[in-house]
Amino acid sequence: MRPLRACLGAAAAVTLAAAGTTALVASNAAGATTALSNRWYAAAPYLMPLDNNPPNAATIMDATGLKAFQLAFVLAPDGGGCSPTWGGTAAVSSDTAVQSVINTIRAKGGDVSVSIGGYGGTKLGQTCADASSTAAAYQQVITKYGLHAIDFDLEEPEYENTAAIRNEIGAAKILQQNNPGLYVSVTTAGTADGTGWFGKQMLLEAKSQGFTPNNFSIMPFDGGFSGASAQTGALTNFNTILQSTFGWDQATAYAHEGFSGMNGRSDTGEYFTQADFQTVLDYATSHHMDRFTFWSLNRDRQCSPADNNGTTSGTCSSVAQSDWDFATYSVRFAGVTPPTGTPTPTPTPTPTPTSCRTAWSSTAVYTAGNEVSYNGHNWKAKWWTQNEAPSASDWGPWQDEGAC
C-alpha cells in the first residue's frame with residue numbers, strides 16, 4: 001500500500017518504550033484462542049495501532065459493530081536482520097503496546113489479523129535467507145499474538161525482487177500448513193487491467209509453489225482510477241487473470257478474489273466517496289468475492305477543513321463524512337447490519353483546483369520552499385534538488401500540494 005502506509009517511524013518506538021518491555025503471552029490475552037468467522041477477517045479494515053493518530057478501536061466497535069481489525073505493518077528491522085518488528089523499529093518480541101490494543105479488541109468480542117509488508121520499508125522476505133527462515137520470523141508474530149489470520153501485502157519495492165517474493169510466498173505456504181485454519185490473504189497493487197507485470201509474476205510464483213491463499217486482493221487506487229466504475233472494471237479484469245493463471249472457472253476465481261480500497265482522497269488525488277464504496281460492496285457481494293477491506297481506519301474521519309486543502313492525509317479522509325462512515329461498509333460485507341443511527345453517506349463536493357505554479361524543469365535547481373507544477377499537481381521542494389521529478393513519496397524531495 002501507498003506512502004502513507006509505510007514505516008511507523010520514531011513515534012512508534014517512543015510509544016513502545018513508554019509502554020515497557022515485558023512481553024505478554026498470547027494465551028493470557030483476552031479471547032486469544034477464540035477465532036471469528038473468516039468473513040470477519042475478510043472484512044477487517046487496516047489500522048495502524050502505533051502511528052497516524054490511531055483511533056480507539058473500542059470506540060469504532062461500539063459505533064459501527066465492527067469486530068475485526070487488520071493491524072499494519074510488520075517489517076524487517078531497519079538495521080537488517082530476520083526478526084519481526086513493527087514498522088522496522090519496534091521488536092515484536094518485546095512489544096506490549098500492540099498487545100494492549102489486541103487485548104482491548106478481544107475483550108469486546110473482536111479479533112485482529114496482522115499485515116506484513118506494505119509500501120516502502122524493508123520486508124522480511126528481502127532480509128531472511130530463505131522461505132523457511134522467513135516463515136519462522138512470521139511464526140513469532142502468530143505465536144506472540146495468538147493469530148487466526150495474516151495478510152501478506154506484497155507490493156513495491158519488494159514485489160520487484162524475485163527472490164524476496166519467492167521467500168514470501170514460500171513462507172505463506174509454510175504458515176498455512178503449520179497453522180491449520182489460518183486465514184491467509186495476499187494483497188498487491190491494482191491496475192486498470194487487474195494487476196501489473198509484477199503482480200502477475202507473484203501469482204505465477206504462487207502457482208509454481210502450489211500455494212492457494214484464501215484470497216488474492218488488489219488495490220485499485222493510485223493508478224488513475226476514477227471512482228467505483230473503474231475499480232469494478234479492474235476487479236473484473238483481475239478475475240480473468242486469476243482464471244487464466246490457476247485454471248479456475250469464474251466463480252472459483254471470485255471466491256478467491258478480494259478488494260482493498262482507499263477511503264477518501266488517494267495519494268495521487270483520486271477521490272473515493274461513500275457512494276463509491278457502496279457500489280464496490282454491491283459488486284463484491286453479488287459476485288461472492290472473498291474479501292472487502294480498505295486503507296484505513298486512521299483515515300476514517302473528516303479533515304478540518306473537509307478537503308484537507310487538497311492534500312492526502314494519513315489521519316483523515318479529505319472528504320465530507322461522519323466518523324467511521326467507511327467502516328460500516330466492512331460491517332455490511334461481514335453480513336452484519338451496523339447499529340441504528342449510522343449517518344447517511346454525505347455527497348462529496350468536487351474540489352476546486354488551484355492555479356498551477358511554474359512548470360518543473362529537469363535542469364533547474366530548487367531549494368526548500370520552491371514551488372512548481374508537474375502532472376497536474378503543485379509541488380513544494382523539501383530540500384535542495386535537481387533533476388528529480390516530483391512524485392508522491394515520503395522519502396523524495398517533493399511534497400504534493402494537490403491538484404491544480
# chains A, B, ... in the order shown; residues from 1 in each chain; ligands from 1

call {"tool": "residues_around", "arguments": {"residues": "Ala43 in chain A", "least_positions_apart": "5", "cutoff": "9 Å", "atoms": "only C-alpha atoms", "output": "NGL selection string"}}
result
:A and (38 or 66 or 68-70 or 290-294 or 329-334)

call {"tool": "write_last_selection", "arguments": {"atoms": "N, CA and C atoms", "output": "PDB file, in the first residue's frame"}}
result
ATOM      1  N   ASN A  38     -14.364 -16.511   9.210  1.00  0.00           N
ATOM      2  CA  ASN A  38     -13.463 -15.970   8.200  1.00  0.00           C
ATOM      3  C   ASN A  38     -14.017 -14.709   7.546  1.00  0.00           C
ATOM      4  N   LEU A  66     -18.211  -3.148  14.156  1.00  0.00           N
ATOM      5  CA  LEU A  66     -17.031  -3.807  13.596  1.00  0.00           C
ATOM      6  C   LEU A  66     -16.377  -4.709  14.640  1.00  0.00           C
ATOM      7  N   ALA A  68     -13.407  -6.909  13.575  1.00  0.00           N
ATOM      8  CA  ALA A  68     -12.064  -7.341  13.165  1.00  0.00           C
ATOM      9  C   ALA A  68     -11.257  -6.174  12.618  1.00  0.00           C
ATOM     10  N   PHE A  69      -9.960  -6.190  12.920  1.00  0.00           N
ATOM     11  CA  PHE A  69      -9.043  -5.128  12.515  1.00  0.00           C
ATOM     12  C   PHE A  69      -7.804  -5.747  11.879  1.00  0.00           C
ATOM     13  N   GLN A  70      -7.287  -5.094  10.821  1.00  0.00           N
ATOM     14  CA  GLN A  70      -6.075  -5.535  10.129  1.00  0.00           C
ATOM     15  C   GLN A  70      -4.932  -4.629  10.579  1.00  0.00           C
ATOM     16  N   ASP A 290     -14.302 -12.912  -1.892  1.00  0.00           N
ATOM     17  CA  ASP A 290     -13.906 -13.361  -0.559  1.00  0.00           C
ATOM     18  C   ASP A 290     -13.563 -12.219   0.384  1.00  0.00           C
ATOM     19  N   ARG A 291     -13.149 -11.054  -0.130  1.00  0.00           N
ATOM     20  CA  ARG A 291     -12.617 -10.031   0.777  1.00  0.00           C
ATOM     21  C   ARG A 291     -13.007  -8.619   0.331  1.00  0.00           C
ATOM     22  N   PHE A 292     -13.261  -7.766   1.328  1.00  0.00           N
ATOM     23  CA  PHE A 292     -13.565  -6.349   1.097  1.00  0.00           C
ATOM     24  C   PHE A 292     -12.961  -5.577   2.266  1.00  0.00           C
ATOM     25  N   THR A 293     -11.917  -4.802   2.000  1.00  0.00           N
ATOM     26  CA  THR A 293     -11.238  -4.076   3.062  1.00  0.00           C
ATOM     27  C   THR A 293     -10.798  -2.713   2.540  1.00  0.00           C
ATOM     28  N   PHE A 294     -10.212  -1.888   3.411  1.00  0.00           N
ATOM     29  CA  PHE A 294      -9.747  -0.578   2.947  1.00  0.00           C
ATOM     30  C   PHE A 294      -8.660  -0.042   3.860  1.00  0.00           C
ATOM     31  N   TYR A 329     -19.212  -0.116   5.843  1.00  0.00           N
ATOM     32  CA  TYR A 329     -19.276  -0.966   4.650  1.00  0.00           C
ATOM     33  C   TYR A 329     -18.573  -2.298   4.899  1.00  0.00           C
ATOM     34  N   SER A 330     -17.520  -2.281   5.705  1.00  0.00           N
ATOM     35  CA  SER A 330     -16.882  -3.540   6.103  1.00  0.00           C
ATOM     36  C   SER A 330     -17.837  -4.377   6.945  1.00  0.00           C
ATOM     37  N   VAL A 331     -18.547  -3.721   7.839  1.00  0.00           N
ATOM     38  CA  VAL A 331     -19.515  -4.438   8.689  1.00  0.00           C
ATOM     39  C   VAL A 331     -20.578  -5.101   7.825  1.00  0.00           C
ATOM     40  N   ARG A 332     -21.060  -4.371   6.824  1.00  0.00           N
ATOM     41  CA  ARG A 332     -22.087  -4.942   5.941  1.00  0.00           C
ATOM     42  C   ARG A 332     -21.527  -6.116   5.143  1.00  0.00           C
ATOM     43  N   PHE A 333     -20.261  -6.010   4.708  1.00  0.00           N
ATOM     44  CA  PHE A 333     -19.667  -7.131   3.973  1.00  0.00           C
ATOM     45  C   PHE A 333     -19.585  -8.371   4.863  1.00  0.00           C
ATOM     46  N   ALA A 334     -19.349  -8.178   6.151  1.00  0.00           N
ATOM     47  CA  ALA A 334     -19.292  -9.306   7.076  1.00  0.00           C
ATOM     48  C   ALA A 334     -20.660  -9.931   7.305  1.00  0.00           C
TER      49      ALA A 334
END

call {"tool": "select_by_dssp", "arguments": {"residues": "range 151-372 of chain A", "states": "helix (DSSP H, G or I)", "output": "PyMOL selection string"}}
result
chain A and resi 158-160+162-178+197-209+227-246+250-255+274-286+297-299+308-310+327-333

call {"tool": "atom_distance", "arguments": {"atom1": "CA of Phe277 in chain A", "atom2": "CA of Gln302 in chain A"}}
result
16.1 Å

call {"tool": "residues_around", "arguments": {"residues": "Asn167 in chain A", "least_positions_apart": "6", "cutoff": "8 Å", "atoms": "only C-alpha atoms", "output": "MDAnalysis selection string"}}
result
chainID A and resid 125:126 128 130:132 134

call {"tool": "write_last_selection", "arguments": {"atoms": "all heavy atoms", "output": "PDB file, in the first residue's frame"}}
result
ATOM      1  N   GLY A 125      11.006 -10.886   3.717  1.00  0.00           N
ATOM      2  CA  GLY A 125      11.341 -11.686   2.551  1.00  0.00           C
ATOM      3  C   GLY A 125      12.610 -11.225   1.854  1.00  0.00           C
ATOM      4  O   GLY A 125      13.256 -11.994   1.146  1.00  0.00           O
ATOM      5  N   GLN A 126      12.983  -9.971   2.073  1.00  0.00           N
ATOM      6  CA  GLN A 126      14.202  -9.432   1.486  1.00  0.00           C
ATOM      7  C   GLN A 126      15.435  -9.729   2.332  1.00  0.00           C
ATOM      8  O   GLN A 126      16.543  -9.814   1.802  1.00  0.00           O
ATOM      9  CB  GLN A 126      14.075  -7.911   1.314  1.00  0.00           C
ATOM     10  CG  GLN A 126      12.995  -7.464   0.348  1.00  0.00           C
ATOM     11  CD  GLN A 126      12.771  -5.962   0.395  1.00  0.00           C
ATOM     12  OE1 GLN A 126      11.973  -5.457   1.168  1.00  0.00           O
ATOM     13  NE2 GLN A 126      13.497  -5.238  -0.443  1.00  0.00           N
ATOM     14  N   CYS A 128      15.578 -12.209   5.098  1.00  0.00           N
ATOM     15  CA  CYS A 128      15.737 -13.589   5.553  1.00  0.00           C
ATOM     16  C   CYS A 128      16.336 -14.432   4.428  1.00  0.00           C
ATOM     17  O   CYS A 128      16.142 -14.145   3.244  1.00  0.00           O
ATOM     18  CB  CYS A 128      14.397 -14.161   6.003  1.00  0.00           C
ATOM     19  SG  CYS A 128      13.676 -13.324   7.440  1.00  0.00           S
ATOM     20  N   ASP A 130      15.842 -17.557   3.352  1.00  0.00           N
ATOM     21  CA  ASP A 130      15.019 -18.432   2.522  1.00  0.00           C
ATOM     22  C   ASP A 130      13.595 -18.426   3.052  1.00  0.00           C
ATOM     23  O   ASP A 130      13.271 -17.712   4.019  1.00  0.00           O
ATOM     24  CB  ASP A 130      15.585 -19.852   2.506  1.00  0.00           C
ATOM     25  CG  ASP A 130      15.855 -20.393   3.902  1.00  0.00           C
ATOM     26  OD1 ASP A 130      15.162 -19.968   4.863  1.00  0.00           O
ATOM     27  OD2 ASP A 130      16.765 -21.234   4.045  1.00  0.00           O
ATOM     28  N   ALA A 131      12.735 -19.233   2.428  1.00  0.00           N
ATOM     29  CA  ALA A 131      11.329 -19.277   2.827  1.00  0.00           C
ATOM     30  C   ALA A 131      11.158 -19.793   4.253  1.00  0.00           C
ATOM     31  O   ALA A 131      10.319 -19.294   5.007  1.00  0.00           O
ATOM     32  CB  ALA A 131      10.541 -20.154   1.854  1.00  0.00           C
ATOM     33  N   SER A 132      11.968 -20.783   4.643  1.00  0.00           N
ATOM     34  CA  SER A 132      11.836 -21.363   5.992  1.00  0.00           C
ATOM     35  C   SER A 132      12.148 -20.338   7.072  1.00  0.00           C
ATOM     36  O   SER A 132      11.413 -20.234   8.068  1.00  0.00           O
ATOM     37  CB  SER A 132      12.760 -22.573   6.126  1.00  0.00           C
ATOM     38  OG  SER A 132      12.384 -23.604   5.252  1.00  0.00           O
ATOM     39  N   THR A 134      12.059 -17.087   6.713  1.00  0.00           N
ATOM     40  CA  THR A 134      11.027 -16.050   6.632  1.00  0.00           C
ATOM     41  C   THR A 134       9.779 -16.503   7.385  1.00  0.00           C
ATOM     42  O   THR A 134       9.186 -15.739   8.161  1.00  0.00           O
ATOM     43  CB  THR A 134      10.676 -15.749   5.164  1.00  0.00           C
ATOM     44  OG1 THR A 134      11.862 -15.449   4.435  1.00  0.00           O
ATOM     45  CG2 THR A 134       9.727 -14.571   5.069  1.00  0.00           C
TER      46      THR A 134
END

call {"tool": "closest_residue", "arguments": {"among": "A:Trp384, A:Asn378, A:Ser229, A:Leu242", "to": "Asp282 in chain A", "atoms": "only C-alpha atoms"}}
result
A:Ser229

call {"tool": "atom_distance", "arguments": {"atom1": "CA of Ala189 in chain A", "atom2": "CA of Val98 in chain A"}}
result
26.7 Å

call {"tool": "closest_residue", "arguments": {"among": "A:Tyr366, A:Trp360, A:Tyr283, A:Tyr145", "to": "Pro390 in chain A", "atoms": "only C-alpha atoms"}}
result
A:Trp360

call {"tool": "residues_around", "arguments": {"residues": "Gly190 in chain A", "least_positions_apart": "5", "cutoff": "7 Å", "atoms": "only C-alpha atoms", "output": "VMD selection string"}}
result
chain A and resid 195 to 196 218 to 221

call {"tool": "residues_around", "arguments": {"residues": "range 322-325 of chain A", "least_positions_apart": "4", "cutoff": "12 Å", "atoms": "only C-alpha atoms", "output": "number ranges by chain"}}
result
A: 45, 55-57, 59-66, 263-264, 273-275, 277-278, 296-303, 306, 315-318, 329-332, 338-339, 341-348

call {"tool": "select_by_dssp", "arguments": {"residues": "range 178-321 of chain A", "states": "strand (DSSP E or B)", "output": "MDAnalysis selection string"}}
result
chainID A and resid 183:189 191 194 215:219 257:262 264:265 271:272 291:295

call {"tool": "write_last_selection", "arguments": {"atoms": "N, CA and C atoms", "output": "short mmCIF file (atom, residue, chain, number, x, y, z; two decimals), in the first residue's frame"}}
result
data_model
loop_
_atom_site.label_atom_id
_atom_site.label_comp_id
_atom_site.auth_asym_id
_atom_site.auth_seq_id
_atom_site.Cartn_x
_atom_site.Cartn_y
_atom_site.Cartn_z
N TYR A 183 -6.32 -18.01 8.37
CA TYR A 183 -6.85 -17.27 7.22
C TYR A 183 -5.71 -16.45 6.64
N VAL A 184 -5.42 -16.66 5.34
CA VAL A 184 -4.29 -16.00 4.69
C VAL A 184 -4.79 -15.20 3.49
N SER A 185 -4.52 -13.90 3.50
CA SER A 185 -4.80 -13.06 2.34
C SER A 185 -3.49 -12.56 1.76
N VAL A 186 -3.47 -12.34 0.44
CA VAL A 186 -2.31 -11.78 -0.25
C VAL A 186 -2.80 -10.55 -0.99
N THR A 187 -2.21 -9.40 -0.67
CA THR A 187 -2.65 -8.12 -1.23
C THR A 187 -1.55 -7.56 -2.12
N THR A 188 -1.94 -7.05 -3.30
CA THR A 188 -0.96 -6.48 -4.20
C THR A 188 -1.56 -5.31 -4.97
N ALA A 189 -0.73 -4.61 -5.75
CA ALA A 189 -1.17 -3.41 -6.47
C ALA A 189 -2.21 -3.74 -7.53
N THR A 191 -4.24 -2.40 -11.16
CA THR A 191 -4.20 -1.56 -12.35
C THR A 191 -5.53 -1.68 -13.06
N GLY A 194 -6.26 -5.06 -14.03
CA GLY A 194 -6.35 -6.01 -12.92
C GLY A 194 -5.16 -5.87 -12.01
N ASN A 215 -7.49 -15.65 -0.37
CA ASN A 215 -7.76 -14.73 -1.47
C ASN A 215 -6.49 -14.03 -1.92
N PHE A 216 -6.54 -13.57 -3.18
CA PHE A 216 -5.60 -12.59 -3.71
C PHE A 216 -6.38 -11.30 -3.87
N SER A 217 -5.95 -10.24 -3.21
CA SER A 217 -6.66 -8.96 -3.26
C SER A 217 -5.85 -7.93 -4.03
N ILE A 218 -6.54 -7.09 -4.79
CA ILE A 218 -5.86 -5.98 -5.45
C ILE A 218 -6.32 -4.65 -4.84
N MET A 219 -5.45 -3.64 -5.00
CA MET A 219 -5.72 -2.28 -4.51
C MET A 219 -5.95 -1.36 -5.71
N GLU A 257 -10.95 -13.98 -4.66
CA GLU A 257 -10.59 -12.61 -5.05
C GLU A 257 -11.00 -11.63 -3.96
N GLY A 258 -10.19 -10.57 -3.79
CA GLY A 258 -10.50 -9.56 -2.81
C GLY A 258 -10.27 -8.15 -3.31
N PHE A 259 -10.89 -7.20 -2.63
CA PHE A 259 -10.77 -5.77 -2.91
C PHE A 259 -10.20 -5.07 -1.69
N SER A 260 -9.20 -4.22 -1.92
CA SER A 260 -8.65 -3.38 -0.86
C SER A 260 -8.61 -1.95 -1.37
N GLY A 261 -9.50 -1.11 -0.88
CA GLY A 261 -9.63 0.25 -1.37
C GLY A 261 -8.95 1.27 -0.49
N MET A 262 -9.08 2.53 -0.87
CA MET A 262 -8.58 3.65 -0.07
C MET A 262 -9.72 4.63 0.08
N GLY A 264 -11.72 8.00 0.71
CA GLY A 264 -11.47 9.42 0.54
C GLY A 264 -10.46 9.70 -0.55
N ARG A 265 -9.53 10.62 -0.26
CA ARG A 265 -8.54 11.05 -1.26
C ARG A 265 -7.35 10.12 -1.26
N TYR A 271 -10.49 10.49 -5.78
CA TYR A 271 -11.44 10.58 -4.67
C TYR A 271 -12.39 9.39 -4.71
N PHE A 272 -12.54 8.73 -3.56
CA PHE A 272 -13.46 7.60 -3.43
C PHE A 272 -14.40 7.90 -2.27
N ARG A 291 -13.15 -11.05 -0.13
CA ARG A 291 -12.62 -10.03 0.78
C ARG A 291 -13.01 -8.62 0.33
N PHE A 292 -13.26 -7.77 1.33
CA PHE A 292 -13.56 -6.35 1.10
C PHE A 292 -12.96 -5.58 2.27
N THR A 293 -11.92 -4.80 2.00
CA THR A 293 -11.24 -4.08 3.06
C THR A 293 -10.80 -2.71 2.54
N PHE A 294 -10.21 -1.89 3.41
CA PHE A 294 -9.75 -0.58 2.95
C PHE A 294 -8.66 -0.04 3.86
N TRP A 295 -7.90 0.91 3.30
CA TRP A 295 -6.88 1.67 3.99
C TRP A 295 -7.37 3.11 4.15
#

call {"tool": "atom_distance", "arguments": {"atom1": "CA of Leu235 in chain A", "atom2": "CA of Ala253 in chain A"}}
result
10.8 Å

call {"tool": "residues_around", "arguments": {"residues": "Gly181 in chain A", "least_positions_apart": "6", "cutoff": "12 Å", "atoms": "only C-alpha atoms", "output": "VMD selection string"}}
result
chain A and resid 35 to 38 147 to 150 175 213 to 214

call {"tool": "write_last_selection", "arguments": {"atoms": "N, CA, C and O atoms", "output": "PDB file, in the first residue's frame"}}
result
ATOM      1  N   ALA A  35     -11.530 -17.765  17.660  1.00  0.00           N
ATOM      2  CA  ALA A  35     -11.498 -17.214  16.307  1.00  0.00           C
ATOM      3  C   ALA A  35     -12.873 -16.704  15.905  1.00  0.00           C
ATOM      4  O   ALA A  35     -13.908 -17.245  16.322  1.00  0.00           O
ATOM      5  N   LEU A  36     -12.895 -15.663  15.092  1.00  0.00           N
ATOM      6  CA  LEU A  36     -14.122 -15.203  14.467  1.00  0.00           C
ATOM      7  C   LEU A  36     -14.359 -16.008  13.190  1.00  0.00           C
ATOM      8  O   LEU A  36     -13.509 -16.789  12.769  1.00  0.00           O
ATOM      9  N   SER A  37     -15.486 -15.809  12.551  1.00  0.00           N
ATOM     10  CA  SER A  37     -15.694 -16.419  11.241  1.00  0.00           C
ATOM     11  C   SER A  37     -14.750 -15.769  10.246  1.00  0.00           C
ATOM     12  O   SER A  37     -14.351 -14.610  10.401  1.00  0.00           O
ATOM     13  N   ASN A  38     -14.364 -16.511   9.210  1.00  0.00           N
ATOM     14  CA  ASN A  38     -13.463 -15.970   8.200  1.00  0.00           C
ATOM     15  C   ASN A  38     -14.017 -14.709   7.546  1.00  0.00           C
ATOM     16  O   ASN A  38     -13.253 -13.857   7.077  1.00  0.00           O
ATOM     17  N   LEU A 147      -2.599 -15.435  16.659  1.00  0.00           N
ATOM     18  CA  LEU A 147      -3.344 -15.012  15.477  1.00  0.00           C
ATOM     19  C   LEU A 147      -4.101 -16.156  14.809  1.00  0.00           C
ATOM     20  O   LEU A 147      -3.635 -17.287  14.765  1.00  0.00           O
ATOM     21  N   HIS A 148      -5.248 -15.779  14.239  1.00  0.00           N
ATOM     22  CA  HIS A 148      -6.036 -16.680  13.402  1.00  0.00           C
ATOM     23  C   HIS A 148      -6.040 -16.225  11.948  1.00  0.00           C
ATOM     24  O   HIS A 148      -6.643 -16.885  11.098  1.00  0.00           O
ATOM     25  N   ALA A 149      -5.376 -15.098  11.659  1.00  0.00           N
ATOM     26  CA  ALA A 149      -5.375 -14.563  10.296  1.00  0.00           C
ATOM     27  C   ALA A 149      -4.123 -13.725  10.085  1.00  0.00           C
ATOM     28  O   ALA A 149      -3.608 -13.111  11.027  1.00  0.00           O
ATOM     29  N   ILE A 150      -3.643 -13.700   8.834  1.00  0.00           N
ATOM     30  CA  ILE A 150      -2.460 -12.913   8.486  1.00  0.00           C
ATOM     31  C   ILE A 150      -2.589 -12.451   7.042  1.00  0.00           C
ATOM     32  O   ILE A 150      -3.187 -13.142   6.211  1.00  0.00           O
ATOM     33  N   LEU A 175       3.329 -21.354   6.652  1.00  0.00           N
ATOM     34  CA  LEU A 175       2.461 -20.922   7.748  1.00  0.00           C
ATOM     35  C   LEU A 175       1.072 -21.526   7.615  1.00  0.00           C
ATOM     36  O   LEU A 175       0.458 -21.929   8.615  1.00  0.00           O
ATOM     37  N   PRO A 213      -3.979 -19.127  -1.256  1.00  0.00           N
ATOM     38  CA  PRO A 213      -4.462 -18.468  -0.040  1.00  0.00           C
ATOM     39  C   PRO A 213      -5.983 -18.397  -0.048  1.00  0.00           C
ATOM     40  O   PRO A 213      -6.638 -18.823  -1.009  1.00  0.00           O
ATOM     41  N   ASN A 214      -6.553 -17.837   1.005  1.00  0.00           N
ATOM     42  CA  ASN A 214      -7.991 -17.601   0.985  1.00  0.00           C
ATOM     43  C   ASN A 214      -8.365 -16.628  -0.121  1.00  0.00           C
ATOM     44  O   ASN A 214      -9.421 -16.748  -0.731  1.00  0.00           O
TER      45      ASN A 214
END
